[in-house]
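Asker: Take this structure, written in structure tokens, and hold onto it; I'll ask about it next.
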Amino acid sequence: MMPSANYLFDCLNYAQYFENYQINSILDVDLDEYGSISKKIVRPIYFSVDPSSSEAFGPELDDLIRLHYLVTTRKVTTVLEFGVGKSTLVFNHAIERNKVRYLRFVEENLRCTHPFQCFSIDNSEKWISKCQEAGATPNVTYHFSDCIVSTFQDRVCTYYSDMPNVCPDLIYVDGPDQFSPKGAVRGLTTNHPDRVPMCADLLALEHFLQPGTLIVVDGRSANARFLKCNFQRDWGYFYIEDYDQHFFELLEEPLGVYNKRKIDFSLGSGFYERLEKFGK
């Protein structure tokens, strides 16, 4: 039995949250032109698998509101983001709100080397520059890295060549695209419009992650299933079809006193209820 998605978003009122946090102030969006903030955008069939495309995805406000909401309601201190974009601006904004509220407590009580920072990794220097030009992001560290085709237990996948050496409590996977990874394994590569992204970085990182960590995989169902099949620890997993997003929460007993303090501070009793009900 897997946890229900309701525990993440059952208290989210999109319109009220959008207004309270003035998210439109960081996104160049005309609401009269955009329409309902909860609408889903339907794109052309080959839009996301055109290697020659230089057009960035437009903002999807419902997705961005949920990301902001996860950061503030889970009192996230460190974000690791795969793929820069509008989400980077949103993470910067949400982390700033947490910093204003909780910095003193975190510095005095938690073991957190990178408090209230987002580390955003991308294999495109062009898109990193565009994101930096889109608005001030003082809470974001941009990290450029090539991507390579490799294997995980003889299964073809991709890795970033150089990762930020951080310990995140929220991980957002929206990169890399399938055309950028370099090389091939026995002629196999993700560089084909009928293939899909297949990053394995989190499998290499898994045993460094702390209980309570939340992973959000945006779309990328094949990649999410690959992670789910190969993760070794006790992850609560669910997929929300309306959002086309996959969620993994690490449901294990705290590693020690500092991890327990972080869980108590960020997630409270709800984490232990999920652990008792869904943990192994």
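Ligands are numbered from 1 in the order shown, chains are lettered A, B, ... in the order of the structure tokens, and residues start at 1 in each chain.
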Write out as a list of chain:residue names which residues come within 6 Å of stretch 83-99 of chain A when counting only C-alpha atoms, dropping same-chain ones fewer than 5 positions away.

Answerer: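 Contacts, in chain order: A:His68, A:Phe116, A:Ile121, A:Asp122, A:Cys131, A:Thr137, A:Asn139, A:Asp174, A:Gly175, A:Pro176.
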
Asker: For stretch 187-200 of chain A, please output as JSON, numbers by chain all residues within 6 Å (counting only C-alpha atoms; exclusion window: fewer than 6 positions along the same chain).

Answerer: {"A": [49, 157, 158, 159, 178, 179, 223]}

Asker: Counting only C-alpha atoms, which of A:Glu249, A:Asp162, A:Asp169, A:Asp146 gets nearest to A:Glu125?

Answerer: A:Asp146

Asker: Which residues in stretch 30-159 of chain A does DSSP call strand (DSSP E)? List them as a VMD selection string.

Answerer: chain A and resid 78 to 82 117 to 122 140 to 144 147 to 152 155 to 159

Asker: Got a sec: who's within 6 Å of stretch 140-142 of chain A, counting only C-alpha atoms, leaving out chain neighbours fewer than 5 positions off, as a PDB file with N, CA and C atoms, in the first residue's frame?

Answerer:
ATOM      1  N   GLN A 117      19.446  27.268   0.175  1.00  0.00           N
ATOM      2  CA  GLN A 117      20.059  27.416  -1.137  1.00  0.00           C
ATOM      3  C   GLN A 117      19.481  26.377  -2.094  1.00  0.00           C
ATOM      4  N   CYS A 118      19.426  26.756  -3.339  1.00  0.00           N
ATOM      5  CA  CYS A 118      19.032  25.850  -4.418  1.00  0.00           C
ATOM      6  C   CYS A 118      20.228  25.646  -5.326  1.00  0.00           C
ATOM      7  N   PHE A 119      20.555  24.402  -5.584  1.00  0.00           N
ATOM      8  CA  PHE A 119      21.653  24.051  -6.488  1.00  0.00           C
ATOM      9  C   PHE A 119      21.039  23.508  -7.768  1.00  0.00           C
ATOM     10  N   SER A 120      21.214  24.258  -8.852  1.00  0.00           N
ATOM     11  CA  SER A 120      20.572  23.921 -10.119  1.00  0.00           C
ATOM     12  C   SER A 120      21.621  23.502 -11.134  1.00  0.00           C
TER      13      SER A 120
END

Asker: Which of these, A:Phe105, A:Phe278, A:Phe226, A:Tyr14, has the shortest distance to A:Leu250 once you count only C-alpha atoms?

Answerer: A:Phe278

Asker: Measuring between only C-alpha atoms, which one of A:Phe271, A:Val76, A:Ser129, A:Glu206 shows the shortest distance to A:Leu103?

Answerer: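 Between A:Phe271, A:Val76, A:Ser129, A:Glu206, the residue approaching A:Leu103 most closely is A:Val76.
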
Asker: Between A:Pro181, A:Lys126, A:Tyr172, A:Arg66, which residue has the minimum interatomic distance to A:Cys147, considering only C-alpha atoms?

Answerer: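 Closest residue, counting only C-alpha atoms: A:Pro181.
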
Asker: Near A:Tyr237, counting only C-alpha atoms, which residues have an atom at most 12 Å away, once you skip same-chain residues fewer than 6 positions from it, shown as a list in words?

Answerer: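 Listing them by chain and then by number gives Met1, Met2, Pro3, Ser4, Ala5, Leu214, Ile215, Val216, Val217, Ala224, Arg225, Leu227, Lys228, Cys229, Phe231, Gln245, His246, Phe247, Phe248, Glu249, Leu250, Leu251, Arg274, Phe278 and Gly279 of chain A.
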
Asker: Enter the distance from atom CA of A:Arg220 to atom CA of A:Val173, in Å, rounded to one decimal.

Answerer: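 Atom CA of A:Val173 lies at a distance of 8.8 Å from atom CA of A:Arg220.
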
Asker: Which residue gives the smallest distance to A:Lys277 among A:Gly236, A:Asp63, A:Thr77, A:Pro254, with only C-alpha atoms counted?

Answerer: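 Comparing A:Gly236, A:Asp63, A:Thr77, A:Pro254 against A:Lys277, the winner is A:Gly236.
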
Asker: Run DSSP on the backbone and give me the residues of stretch 80-251 of chain A it puts in alpha helix (DSSP H), as a ChimeraX atom specification.

Answerer: /A:86-109,125-134,201-205,221-230

Asker: Please list as a short mmCIF file (atom, residue, chain, number, x, y, z; two decimals) with N, CA and C atoms, in the first residue's frame every residue within 12 Å of A:Arg261, counting only C-alpha atoms and excluding residues in the same chain fewer than 2 positions away.

Answerer:
data_model
loop_
_atom_site.label_atom_id
_atom_site.label_comp_id
_atom_site.auth_asym_id
_atom_site.auth_seq_id
_atom_site.Cartn_x
_atom_site.Cartn_y
_atom_site.Cartn_z
N PHE A 105 16.68 29.61 13.56
CA PHE A 105 16.45 28.30 14.15
C PHE A 105 17.35 27.24 13.50
N VAL A 106 17.44 27.27 12.18
CA VAL A 106 18.24 26.27 11.47
C VAL A 106 19.71 26.39 11.85
N GLU A 108 21.00 27.48 14.56
CA GLU A 108 21.24 27.16 15.97
C GLU A 108 20.94 25.71 16.32
N ASN A 109 20.15 25.02 15.49
CA ASN A 109 19.66 23.70 15.90
C ASN A 109 19.93 22.56 14.92
N LEU A 110 20.16 22.86 13.66
CA LEU A 110 20.27 21.80 12.66
C LEU A 110 21.67 21.74 12.07
N ARG A 111 22.05 20.57 11.62
CA ARG A 111 23.31 20.43 10.90
C ARG A 111 23.00 20.56 9.42
N CYS A 112 23.20 21.75 8.89
CA CYS A 112 22.83 22.06 7.51
C CYS A 112 23.89 23.00 6.94
N GLN A 210 18.95 11.61 3.14
CA GLN A 210 18.45 11.44 4.50
C GLN A 210 16.95 11.15 4.51
N PRO A 211 16.47 10.34 5.46
CA PRO A 211 15.04 10.13 5.60
C PRO A 211 14.29 11.46 5.64
N GLY A 212 13.16 11.49 4.96
CA GLY A 212 12.39 12.72 4.82
C GLY A 212 12.60 13.41 3.51
N PRO A 254 14.83 7.99 11.36
CA PRO A 254 15.90 8.99 11.31
C PRO A 254 17.28 8.35 11.48
N LEU A 255 18.27 8.93 10.83
CA LEU A 255 19.64 8.41 10.90
C LEU A 255 20.29 8.70 12.25
N GLY A 256 19.86 9.73 12.91
CA GLY A 256 20.46 10.13 14.18
C GLY A 256 19.79 11.38 14.69
N VAL A 257 20.38 12.00 15.67
CA VAL A 257 19.73 13.12 16.35
C VAL A 257 19.52 14.31 15.42
N TYR A 258 20.47 14.60 14.53
CA TYR A 258 20.33 15.79 13.69
C TYR A 258 19.30 15.57 12.58
N ASN A 259 19.28 14.38 12.02
CA ASN A 259 18.25 14.07 11.02
C ASN A 259 16.87 14.09 11.67
N ILE A 263 13.64 16.38 10.66
CA ILE A 263 12.32 15.83 10.37
C ILE A 263 11.27 16.46 11.27
N ASP A 264 11.57 16.55 12.56
CA ASP A 264 10.63 17.14 13.51
C ASP A 264 10.31 18.59 13.13
N PHE A 265 11.34 19.33 12.74
CA PHE A 265 11.17 20.74 12.37
C PHE A 265 10.40 20.88 11.06
N SER A 266 10.75 20.12 10.05
CA SER A 266 10.21 20.33 8.71
C SER A 266 8.89 19.60 8.46
N LEU A 267 8.78 18.38 8.98
CA LEU A 267 7.67 17.52 8.58
C LEU A 267 6.73 17.17 9.73
N GLY A 268 7.23 17.23 10.96
CA GLY A 268 6.39 16.99 12.11
C GLY A 268 5.88 15.57 12.23
N SER A 269 4.78 15.42 12.97
CA SER A 269 4.26 14.09 13.28
C SER A 269 3.75 13.36 12.05
#

Asker: Please provide as a CSV table (one decimal) with C-alpha atoms, in the first residue's frame all residues within 10 Å of A:Ala15, with the sequence filter that same-chain residues fewer than 5 positions apart are discarded (counting only C-alpha atoms).

Answerer:
chain,number,residue,atom,x,y,z
A,20,ASN,CA,-0.5,35.3,-0.8
A,36,SER,CA,-7.0,29.9,-15.2
A,37,ILE,CA,-3.9,29.3,-13.1
A,38,SER,CA,-4.9,25.6,-12.8
A,62,ASP,CA,-0.2,25.1,-11.4
A,65,ILE,CA,2.6,26.9,-7.5

Asker: What does the distance from atom CA of A:Asp218 to atom CA of A:Lys75 come to in Å, to one decimal?

Answerer: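 Separating atom CA of A:Asp218 from atom CA of A:Lys75 is a distance of 20.7 Å.
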
Asker: Would you work out the distance separating atom CA of A:Ile171 from atom CA of A:Gln16, expressed in Å to one decimal?

Answerer: 25.3 Å

Asker: Using only C-alpha atoms, can you tell me which of A:Leu64, A:Leu209, A:Ile26, A:Ala184 comes closest to A:Gly135?

Answerer: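 Of the candidates, the smallest distance to A:Gly135 is held by A:Ile26.
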